[in-house]
>>> print(open('protein.csv').read())   # CSV, C-alpha atoms and all ligand atoms
chain,number,residue,atom,x,y,z
A,1,MET,CA,-1.4,-19.9,15.7
A,2,LYS,CA,-0.5,-18.4,12.4
A,3,PRO,CA,1.8,-15.3,12.3
A,4,ARG,CA,0.0,-12.1,11.6
A,5,VAL,CA,0.3,-9.8,8.6
A,6,PHE,CA,-0.9,-6.2,8.5
A,7,SER,CA,-0.9,-3.6,5.7
A,8,ALA,CA,-2.8,-0.6,4.4
A,9,MET,CA,-3.2,2.0,1.7
A,10,GLN,CA,-4.4,5.5,1.7
A,11,PRO,CA,-7.7,6.4,0.0
A,12,THR,CA,-6.1,9.2,-2.1
A,13,SER,CA,-7.4,8.4,-5.5
A,14,ASP,CA,-10.4,7.0,-7.4
A,15,SER,CA,-8.3,4.0,-8.5
A,16,LEU,CA,-5.3,2.2,-7.3
A,17,GLN,CA,-2.4,2.0,-9.8
A,18,LEU,CA,-0.5,-1.0,-11.0
A,19,GLY,CA,2.4,-0.3,-8.6
A,20,ASN,CA,0.0,-0.6,-5.6
A,21,TYR,CA,-1.2,-3.8,-7.1
A,22,LEU,CA,2.1,-5.5,-7.9
A,23,GLY,CA,4.1,-4.0,-5.1
A,24,ALA,CA,1.6,-4.7,-2.4
A,25,LEU,CA,-1.8,-6.1,-3.1
A,26,VAL,CA,-0.6,-9.3,-4.8
A,27,GLN,CA,1.5,-10.1,-1.7
A,28,TRP,CA,-1.5,-9.3,0.6
A,29,VAL,CA,-3.6,-11.9,-1.3
A,30,LYS,CA,-0.8,-14.5,-1.2
A,31,LEU,CA,-0.1,-14.1,2.5
A,32,GLN,CA,-3.6,-14.9,3.4
A,33,ASP,CA,-2.7,-18.6,2.9
A,34,THR,CA,0.0,-18.6,5.5
A,35,HIS,CA,-0.9,-15.7,7.8
A,36,GLU,CA,-3.8,-14.2,9.7
A,37,ALA,CA,-4.3,-11.1,7.6
A,38,ILE,CA,-5.6,-7.6,8.5
A,39,TYR,CA,-5.9,-5.0,5.9
A,40,SER,CA,-7.0,-1.4,6.4
A,41,VAL,CA,-8.0,1.6,4.4
A,42,VAL,CA,-6.1,4.4,6.2
A,43,ASP,CA,-8.5,7.4,5.9
A,44,LEU,CA,-6.8,9.2,8.8
A,45,HIS,CA,-3.6,9.2,6.9
A,46,ALA,CA,-5.3,10.6,3.8
A,47,LEU,CA,-6.5,13.6,5.9
A,48,THR,CA,-2.9,14.9,5.7
A,49,VAL,CA,-3.5,16.0,2.1
A,50,THR,CA,-6.8,17.8,3.1
A,51,PRO,CA,-9.2,16.1,0.6
A,52,GLU,CA,-12.7,17.2,0.0
A,53,PRO,CA,-15.1,15.4,2.4
A,54,GLU,CA,-17.2,13.7,-0.3
A,55,THR,CA,-14.1,12.8,-2.3
A,56,LEU,CA,-12.5,11.1,0.8
A,57,ARG,CA,-15.7,9.2,1.6
A,58,ARG,CA,-16.0,7.9,-2.0
A,59,ARG,CA,-12.3,7.0,-2.3
A,60,THR,CA,-12.4,5.1,1.1
A,61,ARG,CA,-15.1,2.8,-0.2
A,62,VAL,CA,-13.5,2.5,-3.7
A,63,THR,CA,-10.2,1.5,-2.1
A,64,ALA,CA,-11.8,-1.2,0.0
A,65,ALA,CA,-13.7,-2.5,-3.0
A,66,GLN,CA,-10.4,-2.9,-4.9
A,67,TYR,CA,-8.8,-4.9,-2.1
A,68,LEU,CA,-11.7,-7.3,-2.2
A,69,ALA,CA,-11.7,-7.4,-6.0
A,70,ALA,CA,-8.0,-8.2,-6.1
A,71,GLY,CA,-8.6,-11.3,-3.9
A,72,VAL,CA,-8.6,-10.2,-0.3
A,73,ASP,CA,-11.1,-12.6,1.1
A,74,PRO,CA,-13.3,-11.2,3.9
A,75,GLU,CA,-14.1,-14.8,5.0
A,76,ARG,CA,-10.4,-15.2,6.0
A,77,SER,CA,-9.1,-11.7,6.5
A,78,LEU,CA,-10.2,-8.5,8.2
A,79,VAL,CA,-10.8,-5.5,6.1
A,80,PHE,CA,-11.6,-2.3,7.8
A,81,VAL,CA,-11.5,1.5,7.8
A,82,GLN,CA,-8.8,3.0,10.1
A,83,SER,CA,-11.1,5.7,11.6
A,84,HIS,CA,-13.6,3.0,12.7
A,85,VAL,CA,-11.0,1.8,15.2
A,86,PRO,CA,-10.2,4.8,17.4
A,87,GLU,CA,-7.3,3.0,19.0
A,88,HIS,CA,-5.1,3.9,16.0
A,89,ALA,CA,-5.2,7.6,16.8
A,90,GLU,CA,-4.8,6.9,20.6
A,91,LEU,CA,-1.7,4.7,20.1
A,92,ALA,CA,-0.3,7.2,17.7
A,93,TRP,CA,-0.3,9.8,20.5
A,94,LEU,CA,1.4,7.5,22.9
A,95,LEU,CA,4.0,6.6,20.3
A,96,SER,CA,4.6,10.3,19.5
A,97,THR,CA,6.0,10.7,23.0
A,98,TYR,CA,8.5,7.9,22.3
A,99,THR,CA,9.7,9.5,18.9
A,100,GLY,CA,12.5,11.9,18.7
A,101,MET,CA,12.1,15.1,16.7
A,102,GLY,CA,15.3,14.3,14.8
A,103,GLU,CA,14.2,10.8,14.2
A,104,ALA,CA,10.9,11.9,12.7
A,105,GLY,CA,12.6,14.7,10.8
A,106,ARG,CA,14.8,12.2,8.9
A,107,MET,CA,11.9,10.6,7.0
A,108,THR,CA,12.6,11.2,3.4
A,109,GLN,CA,9.0,11.0,2.3
A,110,PHE,CA,8.1,13.9,4.6
A,111,LYS,CA,11.0,15.9,3.2
A,112,ASP,CA,9.8,15.2,-0.4
A,113,LYS,CA,6.2,15.9,0.3
A,114,SER,CA,6.7,19.0,2.4
A,115,ALA,CA,9.2,20.4,-0.2
A,116,LYS,CA,6.5,20.0,-2.8
A,117,VAL,CA,3.8,21.9,-1.0
A,118,GLY,CA,6.1,24.4,0.8
A,119,GLU,CA,6.2,25.3,4.5
A,120,ALA,CA,2.9,27.1,4.4
A,121,GLY,CA,1.1,24.1,3.0
A,122,THR,CA,2.8,21.6,5.3
A,123,ASN,CA,0.7,20.4,8.2
A,124,VAL,CA,1.9,18.7,11.4
A,125,GLY,CA,0.0,15.6,10.4
A,126,LEU,CA,2.3,15.1,7.5
A,127,PHE,CA,5.2,15.1,9.9
A,128,THR,CA,3.7,12.7,12.4
A,129,TYR,CA,2.3,10.5,9.6
A,130,PRO,CA,4.9,7.7,10.1
A,131,ILE,CA,4.0,7.5,13.8
A,132,LEU,CA,0.4,6.8,13.0
A,133,MET,CA,1.6,4.2,10.6
A,134,ALA,CA,3.6,2.6,13.4
A,135,ALA,CA,0.5,2.6,15.5
A,136,ASP,CA,-1.4,0.8,12.8
A,137,ILE,CA,1.2,-1.9,12.7
A,138,LEU,CA,2.0,-2.3,16.4
A,139,LEU,CA,-1.7,-2.4,17.5
A,140,TYR,CA,-2.1,-5.8,15.9
A,141,ASP,CA,1.1,-7.5,17.2
A,142,THR,CA,2.0,-7.7,13.5
A,143,ASP,CA,4.8,-10.0,12.4
A,144,LEU,CA,5.0,-9.1,8.7
A,145,VAL,CA,4.2,-5.9,6.7
A,146,PRO,CA,4.0,-6.3,2.9
A,147,VAL,CA,4.7,-3.0,1.2
A,148,GLY,CA,6.6,-1.4,-1.7
A,149,GLU,CA,10.1,-0.1,-1.5
A,150,ASP,CA,9.0,3.5,-0.7
A,151,GLN,CA,7.8,2.4,2.7
A,152,ARG,CA,11.0,0.8,3.8
A,153,GLN,CA,12.1,3.8,6.0
A,154,HIS,CA,8.7,4.0,7.6
A,155,LEU,CA,8.9,0.4,8.5
A,156,GLU,CA,12.3,0.9,10.1
A,157,LEU,CA,10.8,3.6,12.3
A,158,SER,CA,8.1,1.2,13.3
A,159,ARG,CA,10.7,-1.4,14.3
A,160,ASP,CA,12.8,1.1,16.2
A,161,LEU,CA,9.7,2.2,18.2
A,162,ALA,CA,8.7,-1.4,18.9
A,163,GLU,CA,12.2,-2.1,20.2
A,164,ARG,CA,12.1,1.0,22.3
A,165,LEU,CA,8.8,0.2,23.9
A,166,ASN,CA,10.0,-3.3,24.7
A,167,THR,CA,13.2,-1.9,26.3
A,168,ARG,CA,11.4,0.9,28.3
A,169,LEU,CA,8.1,-0.8,29.2
A,170,GLY,CA,9.3,-4.4,29.4
A,171,GLU,CA,9.6,-7.3,27.0
A,172,GLY,CA,6.3,-8.4,25.4
A,173,SER,CA,5.0,-4.9,25.2
A,174,VAL,CA,4.7,-5.1,21.4
A,175,VAL,CA,5.8,-7.4,18.6
A,176,VAL,CA,8.7,-6.1,16.4
A,177,PRO,CA,7.4,-6.3,12.8
A,178,ASP,CA,9.4,-7.3,9.7
A,179,ALA,CA,9.0,-5.6,6.3
A,180,HIS,CA,8.0,-7.9,3.4
A,181,ILE,CA,9.3,-6.2,0.3
A,182,VAL,CA,9.5,-8.4,-2.9
A,183,LYS,CA,12.5,-7.0,-4.7
A,184,ALA,CA,11.4,-7.7,-8.3
A,185,VAL,CA,8.2,-5.7,-8.0
A,186,ALA,CA,9.0,-3.4,-5.1
A,187,LYS,CA,9.1,-0.3,-7.4
A,188,ILE,CA,7.1,0.0,-10.5
A,189,TYR,CA,8.0,3.1,-12.5
A,190,ASP,CA,6.0,5.7,-14.3
A,191,LEU,CA,5.5,4.9,-18.0
A,192,GLN,CA,6.3,8.4,-19.1
A,193,GLU,CA,9.1,9.1,-16.7
A,194,PRO,CA,10.6,5.6,-15.9
A,195,THR,CA,13.0,6.9,-13.3
A,196,LYS,CA,10.1,8.0,-11.0
A,197,LYS,CA,7.8,5.6,-9.2
A,198,MET,CA,4.4,5.1,-10.6
A,199,SER,CA,2.0,7.0,-8.3
A,200,LYS,CA,-1.7,7.6,-7.8
A,201,THR,CA,-1.0,11.3,-7.8
A,202,ALA,CA,1.4,11.4,-10.8
A,203,THR,CA,1.7,14.6,-12.9
A,204,SER,CA,0.8,13.0,-16.2
A,205,PRO,CA,-2.1,10.5,-16.2
A,206,LYS,CA,-0.4,8.8,-19.2
A,207,GLY,CA,2.3,7.5,-17.0
A,208,THR,CA,0.1,5.4,-14.8
A,209,ILE,CA,-1.9,2.2,-15.3
A,210,GLU,CA,-5.0,2.4,-13.1
A,211,ILE,CA,-6.9,-0.7,-12.0
A,212,LEU,CA,-10.3,0.9,-12.7
A,213,GLN,CA,-9.3,2.7,-15.9
A,214,ASP,CA,-11.0,2.1,-19.2
A,215,PRO,CA,-9.1,-0.8,-20.8
A,216,LYS,CA,-8.7,1.2,-24.1
A,217,GLN,CA,-6.8,3.9,-22.1
A,218,VAL,CA,-4.7,1.3,-20.4
A,219,ALA,CA,-3.6,-0.1,-23.7
A,220,LYS,CA,-3.0,3.4,-25.1
A,221,ASN,CA,-0.8,4.3,-22.1
A,222,ILE,CA,1.3,1.2,-22.5
A,223,LYS,CA,1.7,1.7,-26.2
A,224,SER,CA,2.9,5.2,-25.7
A,225,ALA,CA,5.3,4.3,-22.9
A,226,ALA,CA,8.7,6.1,-23.1
A,227,THR,CA,11.5,3.8,-24.2
A,228,ASP,CA,15.0,4.6,-25.4
A,229,SER,CA,16.0,5.0,-29.0
A,230,ASP,CA,18.4,2.0,-29.5
A,231,SER,CA,15.4,-0.4,-29.7
A,232,VAL,CA,17.1,-3.5,-28.3
A,233,ILE,CA,14.9,-5.4,-25.9
A,234,ALA,CA,17.1,-6.0,-22.8
A,235,PHE,CA,16.8,-5.5,-19.0
A,236,ASP,CA,19.1,-2.7,-17.8
A,237,ARG,CA,17.5,-0.6,-15.0
A,238,GLU,CA,20.2,2.1,-15.4
A,239,ALA,CA,20.7,2.4,-19.1
A,240,LYS,CA,17.2,1.3,-20.3
A,241,PRO,CA,14.7,2.2,-17.5
A,242,GLY,CA,11.7,2.3,-19.8
A,243,ILE,CA,11.9,-1.1,-21.4
A,244,SER,CA,13.1,-2.6,-18.1
A,245,ASN,CA,10.0,-1.4,-16.3
A,246,LEU,CA,7.8,-2.9,-19.1
A,247,LEU,CA,9.7,-6.2,-18.8
A,248,THR,CA,9.1,-6.2,-15.0
A,249,ILE,CA,5.4,-5.6,-15.4
A,250,TYR,CA,5.2,-8.2,-18.1
A,251,SER,CA,7.0,-10.8,-16.1
A,252,ALA,CA,4.9,-10.2,-13.0
A,253,LEU,CA,1.6,-10.6,-14.8
A,254,ASP,CA,2.5,-13.3,-17.3
A,255,GLY,CA,4.7,-15.6,-15.2
A,256,ARG,CA,7.6,-15.8,-17.6
A,257,SER,CA,10.9,-14.6,-16.2
A,258,VAL,CA,12.5,-11.4,-17.5
A,259,GLU,CA,15.3,-13.5,-19.0
A,260,GLN,CA,12.7,-15.7,-20.8
A,261,LEU,CA,10.9,-12.6,-22.1
A,262,VAL,CA,14.1,-11.1,-23.4
A,263,ALA,CA,14.9,-14.4,-25.2
A,264,ASP,CA,11.4,-14.6,-26.6
A,265,TYR,CA,11.5,-11.0,-28.0
A,266,GLU,CA,15.0,-11.2,-29.4
A,267,GLY,CA,15.2,-9.4,-32.7
A,268,LYS,CA,11.7,-7.9,-32.3
A,269,MET,CA,10.8,-4.2,-31.9
A,270,TYR,CA,9.6,-2.4,-28.8
A,271,GLY,CA,6.3,-2.0,-30.5
A,272,HIS,CA,5.7,-5.7,-30.6
A,273,LEU,CA,6.3,-6.0,-26.9
A,274,LYS,CA,4.1,-3.1,-26.1
A,275,VAL,CA,1.2,-4.4,-28.1
A,276,ASP,CA,1.5,-7.9,-26.4
A,277,LEU,CA,1.9,-6.3,-23.0
A,278,ALA,CA,-1.2,-4.1,-23.5
A,279,ASP,CA,-3.2,-7.3,-24.2
A,280,VAL,CA,-1.8,-9.1,-21.1
A,281,VAL,CA,-2.5,-6.1,-18.8
A,282,VAL,CA,-6.0,-5.5,-20.1
A,283,GLU,CA,-6.9,-9.2,-19.8
A,284,TYR,CA,-5.5,-9.3,-16.3
A,285,LEU,CA,-7.2,-6.2,-15.0
A,286,THR,CA,-10.6,-6.7,-16.6
A,287,PRO,CA,-12.0,-9.2,-14.1
A,288,ILE,CA,-10.5,-7.3,-11.2
A,289,ARG,CA,-12.2,-4.1,-12.5
A,290,ASP,CA,-15.5,-5.8,-13.0
A,291,ASN,CA,-15.4,-7.3,-9.6
A,292,ALA,CA,-14.5,-4.0,-8.0
A,293,MET,CA,-17.5,-2.4,-9.8
A,294,GLU,CA,-19.8,-5.0,-8.3
A,295,TRP,CA,-18.6,-4.1,-4.8
A,296,ILE,CA,-18.9,-0.4,-5.6
A,297,GLU,CA,-22.4,-0.8,-6.8
A,298,SER,CA,-23.5,-2.7,-3.7
A,299,PRO,CA,-22.4,-0.3,-0.9
A,300,GLU,CA,-24.5,-2.1,1.8
A,301,ARG,CA,-22.6,-5.3,1.1
A,302,LEU,CA,-19.3,-3.4,1.2
A,303,ASP,CA,-20.2,-1.5,4.4
A,304,SER,CA,-21.2,-4.7,6.1
A,305,VAL,CA,-17.8,-6.3,5.4
A,306,LEU,CA,-16.1,-3.1,6.7
A,307,GLU,CA,-18.3,-3.1,9.8
A,308,GLU,CA,-17.5,-6.6,10.7
A,309,GLY,CA,-13.8,-6.0,10.0
A,310,ALA,CA,-13.8,-3.0,12.3
A,311,ALA,CA,-15.6,-4.8,15.1
A,312,LYS,CA,-13.0,-7.7,15.1
A,313,ALA,CA,-10.1,-5.3,14.7
A,314,ARG,CA,-11.3,-3.3,17.7
A,315,GLY,CA,-11.3,-6.5,19.8
A,316,ILE,CA,-7.5,-6.9,19.1
A,317,ALA,CA,-6.6,-3.3,19.1
A,318,GLY,CA,-8.3,-2.6,22.4
A,319,GLN,CA,-6.3,-5.3,24.2
A,320,THR,CA,-3.0,-4.0,22.9
A,321,LEU,CA,-3.8,-0.4,23.8
A,322,ALA,CA,-5.0,-1.4,27.3
A,323,ARG,CA,-1.7,-3.4,27.9
A,324,LEU,CA,0.4,-0.4,26.8
A,325,TYR,CA,-1.7,2.2,28.7
A,326,ASP,CA,-1.2,0.0,31.8
A,327,ARG,CA,2.5,-0.3,31.3
A,328,VAL,CA,3.0,3.5,30.9
A,329,GLY,CA,1.1,4.1,34.1
A,330,LEU,CA,-2.3,5.5,33.0
A,331,VAL,CA,-5.0,4.9,35.5
A,332,PRO,CA,-7.5,2.4,33.9
A,333,ALA,CA,-10.8,3.9,32.9
A,334,ALA,CA,-14.0,2.1,33.8
A,335,GLY,CA,-14.6,-0.6,31.3
A,336,ARG,CA,-11.0,-0.7,30.2
A,337,ARG,CA,-8.9,-3.1,32.1
B,401,LIG,P1,0.1,4.4,-1.3
B,401,LIG,O1,-0.5,4.5,-2.6
B,401,LIG,O2,1.2,5.3,-1.0
B,401,LIG,O3,-0.9,4.3,-0.2
B,401,LIG,O4,0.8,2.9,-1.3
B,401,LIG,C1,0.1,1.7,-1.0
B,401,LIG,C2,1.1,0.6,-1.2
B,401,LIG,O5,1.5,0.4,-2.5
B,401,LIG,C3,2.4,0.7,-0.4
B,401,LIG,O6,2.7,-0.6,0.1
B,401,LIG,C4,3.4,1.2,-1.4
B,401,LIG,O7,4.7,0.9,-1.0
B,401,LIG,C5,2.9,0.4,-2.6
B,401,LIG,N1,3.3,1.2,-3.8
B,401,LIG,C6,2.9,2.4,-4.2
B,401,LIG,N2,3.4,2.8,-5.4
B,401,LIG,C7,4.2,1.7,-5.8
B,401,LIG,C8,5.0,1.5,-6.9
B,401,LIG,N3,5.2,2.4,-7.9
B,401,LIG,N4,5.7,0.3,-7.0
B,401,LIG,C9,5.6,-0.6,-6.0
B,401,LIG,N5,4.8,-0.5,-4.9
B,401,LIG,C10,4.2,0.7,-4.8
B,402,LIG,N1,2.1,4.9,4.5
B,402,LIG,C1,1.6,3.8,3.7
B,402,LIG,C2,1.7,4.3,2.2
B,402,LIG,O1,1.6,5.4,1.9
B,402,LIG,C3,0.2,3.4,4.0
B,402,LIG,C4,0.2,2.8,5.4
B,402,LIG,C5,-0.4,3.4,6.5
B,402,LIG,C6,0.6,1.6,5.8
B,402,LIG,N2,-0.3,2.6,7.5
B,402,LIG,C7,0.3,1.4,7.2
B,402,LIG,C8,1.3,0.5,5.1
B,402,LIG,C9,0.6,0.3,7.9
B,402,LIG,C10,1.6,-0.6,5.9
B,402,LIG,C11,1.3,-0.7,7.2
B,402,LIG,O2,1.7,3.4,1.3
>>> encode(input="protein.csv", output="structure tokens", more="lines below")
Ligand code: AMP
Ligand code: TRP
Amino acid sequence: MKPRVFSAMQPTSDSLQLGNYLGALVQWVKLQDTHEAIYSVVDLHALTVTPEPETLRRRTRVTAAQYLAAGVDPERSLVFVQSHVPEHAELAWLLSTYTGMGEAGRMTQFKDKSAKVGEAGTNVGLFTYPILMAADILLYDTDLVPVGEDQRQHLELSRDLAERLNTRLGEGSVVVPDAHIVKAVAKIYDLQEPTKKMSKTATSPKGTIEILQDPKQVAKNIKSAATDSDSVIAFDREAKPGISNLLTIYSALDGRSVEQLVADYEGKMYGHLKVDLADVVVEYLTPIRDNAMEWIESPERLDSVLEEGAAKARGIAGQTLARLYDRVGLVPAAGRR
């Protein structure tokens, strides 16, 4: 049997951005060759930012469409919407009783997000968010979780919880998952503020490259990316974050190493590199964008992929939950062994 991979994204925008794509999706697609893959659109997680109902519904489908357009193959992998598999919320509750307050309180993403919205705007779901994420992962006896650098701490919590369950409830309760974080692309930075990560919810839209964006706008954003004033094309994350980020993106899409690119652009200006990179990015994203549009324009076809994915996911999740409910001492319900 192949080892299993699980990963997910939140439907919090009308388009994924290049960081989601390079940091995560590219790995998801690759891992299908060697792993049994399960990928989810985590709509319950997205509720923590209280979206408008219609917006959430639209973004959930649009996010799934982009997985498929990027090369997640529904013939080989499961693609489903988190809320279609109720075991996620159920296991999250169980795991919350194994999570210390202090442990949950140390999550830096919670601290950042709650600081941004203030105490009055912070809901408890934002606090317990990483526990739901652990439930997503542990339900499927996941071996490997491909994510970007920003998820490292959440993955550590999932591992700690898995080990705790195995200690308290007996070996074989759950599989302890490993993070799969590809260093070179684990953090793609904002084009305007290259010390901040590129994000779906960035302050300035000029700083992001969106998968579904109009190619002209993509090119414009790349050409107006912030770079330093010394105009030497070299990779130095600390001293030259802007050009280093562009080199990272260029290398990931074009296949040439960063060293090779630096050599090829020796003596040239930032402008040259930006013009070429804009072409590379547009050419790369155009077929993905077209393919995503096809999925978006045939919602029945998309929904049927998601329906089949959810049915199969429930088969696996139900068994894991039943095993854990039994081990913690819950009396089995009729129809649930
Ligand atoms: P999110 O948009 O927070 O749901 O993230 C979905 C996936 O994309 C996660 O695995 C993130 O770690 C990854 N990701 C998000 N932003 C970036 C970025 N700027 N660079 C690399 N990976 C990212
Ligand atoms: N928290 C992740 C993010 O914001 C999304 C996520 C939810 C996830 N559940 C997951 C990622 C399980 C990997 C595995 O990016």
>>> atom_distance(input="protein.csv", atom1="atom O1 of ligand LIG 401 (chain B)", atom2="atom CA of A:Met9")
5.7 Å
>>> closest_residue(input="protein.csv", among="A:Ile181, A:Leu47, A:Ala252, A:Val175", to="ligand LIG 401 (chain B)", atoms="only C-alpha atoms and all ligand atoms")
A:Ile181
>>> residues_near_ligand(input="protein.csv", ligand="ligand LIG 401 (chain B)", cutoff="10 Å", atoms="only C-alpha atoms and all ligand atoms", output="PyMOL selection string")
chain A and resi 7-13+15-25+27-28+41-42+45-46+63+145-152+154+180-190+196-201+208
>>> residues_around(input="protein.csv", residues="stretch 67-81 of chain A", least_positions_apart="4", cutoff="8 Å", atoms="all atoms listed in the file", output="PyMOL selection string")
chain A and resi 25-26+28-29+32+36-43+60+63+85+288-289+291-292+295+305-310+312-313
>>> atom_distance(input="protein.csv", atom1="atom CA of A:Thr48", atom2="atom CA of A:Met101")
18.6 Å
>>> build_atoms(input="protein.csv", residues="stretch 114-129 of chain A", atoms="N, CA, C and O atoms", output="PDB file, keeping the file's coordinate frame")
ATOM      1  N   SER A 114       6.820  17.659   1.855  1.00  0.00           N
ATOM      2  CA  SER A 114       6.700  19.000   2.400  1.00  0.00           C
ATOM      3  C   SER A 114       7.445  19.999   1.439  1.00  0.00           C
ATOM      4  O   SER A 114       7.019  21.142   1.284  1.00  0.00           O
ATOM      5  N   ALA A 115       8.506  19.517   0.780  1.00  0.00           N
ATOM      6  CA  ALA A 115       9.200  20.400  -0.200  1.00  0.00           C
ATOM      7  C   ALA A 115       8.252  20.733  -1.335  1.00  0.00           C
ATOM      8  O   ALA A 115       8.244  21.850  -1.842  1.00  0.00           O
ATOM      9  N   LYS A 116       7.429  19.752  -1.713  1.00  0.00           N
ATOM     10  CA  LYS A 116       6.500  20.000  -2.800  1.00  0.00           C
ATOM     11  C   LYS A 116       5.450  21.015  -2.517  1.00  0.00           C
ATOM     12  O   LYS A 116       5.117  21.829  -3.361  1.00  0.00           O
ATOM     13  N   VAL A 117       4.913  20.980  -1.301  1.00  0.00           N
ATOM     14  CA  VAL A 117       3.800  21.900  -1.000  1.00  0.00           C
ATOM     15  C   VAL A 117       4.317  23.188  -0.278  1.00  0.00           C
ATOM     16  O   VAL A 117       3.541  24.128  -0.097  1.00  0.00           O
ATOM     17  N   GLY A 118       5.583  23.230   0.116  1.00  0.00           N
ATOM     18  CA  GLY A 118       6.100  24.400   0.800  1.00  0.00           C
ATOM     19  C   GLY A 118       5.725  24.474   2.241  1.00  0.00           C
ATOM     20  O   GLY A 118       4.798  23.790   2.673  1.00  0.00           O
ATOM     21  N   GLU A 119       6.431  25.325   3.016  1.00  0.00           N
ATOM     22  CA  GLU A 119       6.200  25.300   4.500  1.00  0.00           C
ATOM     23  C   GLU A 119       4.777  25.709   4.821  1.00  0.00           C
ATOM     24  O   GLU A 119       4.171  25.119   5.718  1.00  0.00           O
ATOM     25  N   ALA A 120       4.226  26.668   4.104  1.00  0.00           N
ATOM     26  CA  ALA A 120       2.900  27.100   4.400  1.00  0.00           C
ATOM     27  C   ALA A 120       1.837  26.020   4.206  1.00  0.00           C
ATOM     28  O   ALA A 120       0.830  25.951   4.905  1.00  0.00           O
ATOM     29  N   GLY A 121       2.095  25.134   3.266  1.00  0.00           N
ATOM     30  CA  GLY A 121       1.100  24.100   3.000  1.00  0.00           C
ATOM     31  C   GLY A 121       1.378  22.786   3.763  1.00  0.00           C
ATOM     32  O   GLY A 121       0.634  21.824   3.636  1.00  0.00           O
ATOM     33  N   THR A 122       2.434  22.780   4.575  1.00  0.00           N
ATOM     34  CA  THR A 122       2.800  21.600   5.300  1.00  0.00           C
ATOM     35  C   THR A 122       2.139  21.525   6.671  1.00  0.00           C
ATOM     36  O   THR A 122       2.396  22.398   7.496  1.00  0.00           O
ATOM     37  N   ASN A 123       1.287  20.545   6.918  1.00  0.00           N
ATOM     38  CA  ASN A 123       0.700  20.400   8.200  1.00  0.00           C
ATOM     39  C   ASN A 123       1.447  19.463   9.121  1.00  0.00           C
ATOM     40  O   ASN A 123       2.225  18.638   8.635  1.00  0.00           O
ATOM     41  N   VAL A 124       1.210  19.574  10.432  1.00  0.00           N
ATOM     42  CA  VAL A 124       1.900  18.700  11.400  1.00  0.00           C
ATOM     43  C   VAL A 124       1.613  17.249  11.186  1.00  0.00           C
ATOM     44  O   VAL A 124       2.452  16.382  11.409  1.00  0.00           O
ATOM     45  N   GLY A 125       0.400  16.985  10.693  1.00  0.00           N
ATOM     46  CA  GLY A 125       0.000  15.600  10.400  1.00  0.00           C
ATOM     47  C   GLY A 125       0.913  14.914   9.433  1.00  0.00           C
ATOM     48  O   GLY A 125       1.195  13.713   9.530  1.00  0.00           O
ATOM     49  N   LEU A 126       1.380  15.679   8.470  1.00  0.00           N
ATOM     50  CA  LEU A 126       2.300  15.100   7.500  1.00  0.00           C
ATOM     51  C   LEU A 126       3.596  14.679   8.130  1.00  0.00           C
ATOM     52  O   LEU A 126       4.207  13.683   7.751  1.00  0.00           O
ATOM     53  N   PHE A 127       3.987  15.445   9.148  1.00  0.00           N
ATOM     54  CA  PHE A 127       5.200  15.100   9.900  1.00  0.00           C
ATOM     55  C   PHE A 127       5.054  13.905  10.775  1.00  0.00           C
ATOM     56  O   PHE A 127       5.943  13.057  10.853  1.00  0.00           O
ATOM     57  N   THR A 128       3.891  13.800  11.426  1.00  0.00           N
ATOM     58  CA  THR A 128       3.700  12.700  12.400  1.00  0.00           C
ATOM     59  C   THR A 128       3.096  11.444  11.697  1.00  0.00           C
ATOM     60  O   THR A 128       2.902  10.415  12.347  1.00  0.00           O
ATOM     61  N   TYR A 129       2.831  11.549  10.414  1.00  0.00           N
ATOM     62  CA  TYR A 129       2.300  10.500   9.600  1.00  0.00           C
ATOM     63  C   TYR A 129       2.916   9.085   9.872  1.00  0.00           C
ATOM     64  O   TYR A 129       2.231   8.092  10.106  1.00  0.00           O
TER      65      TYR A 129
END
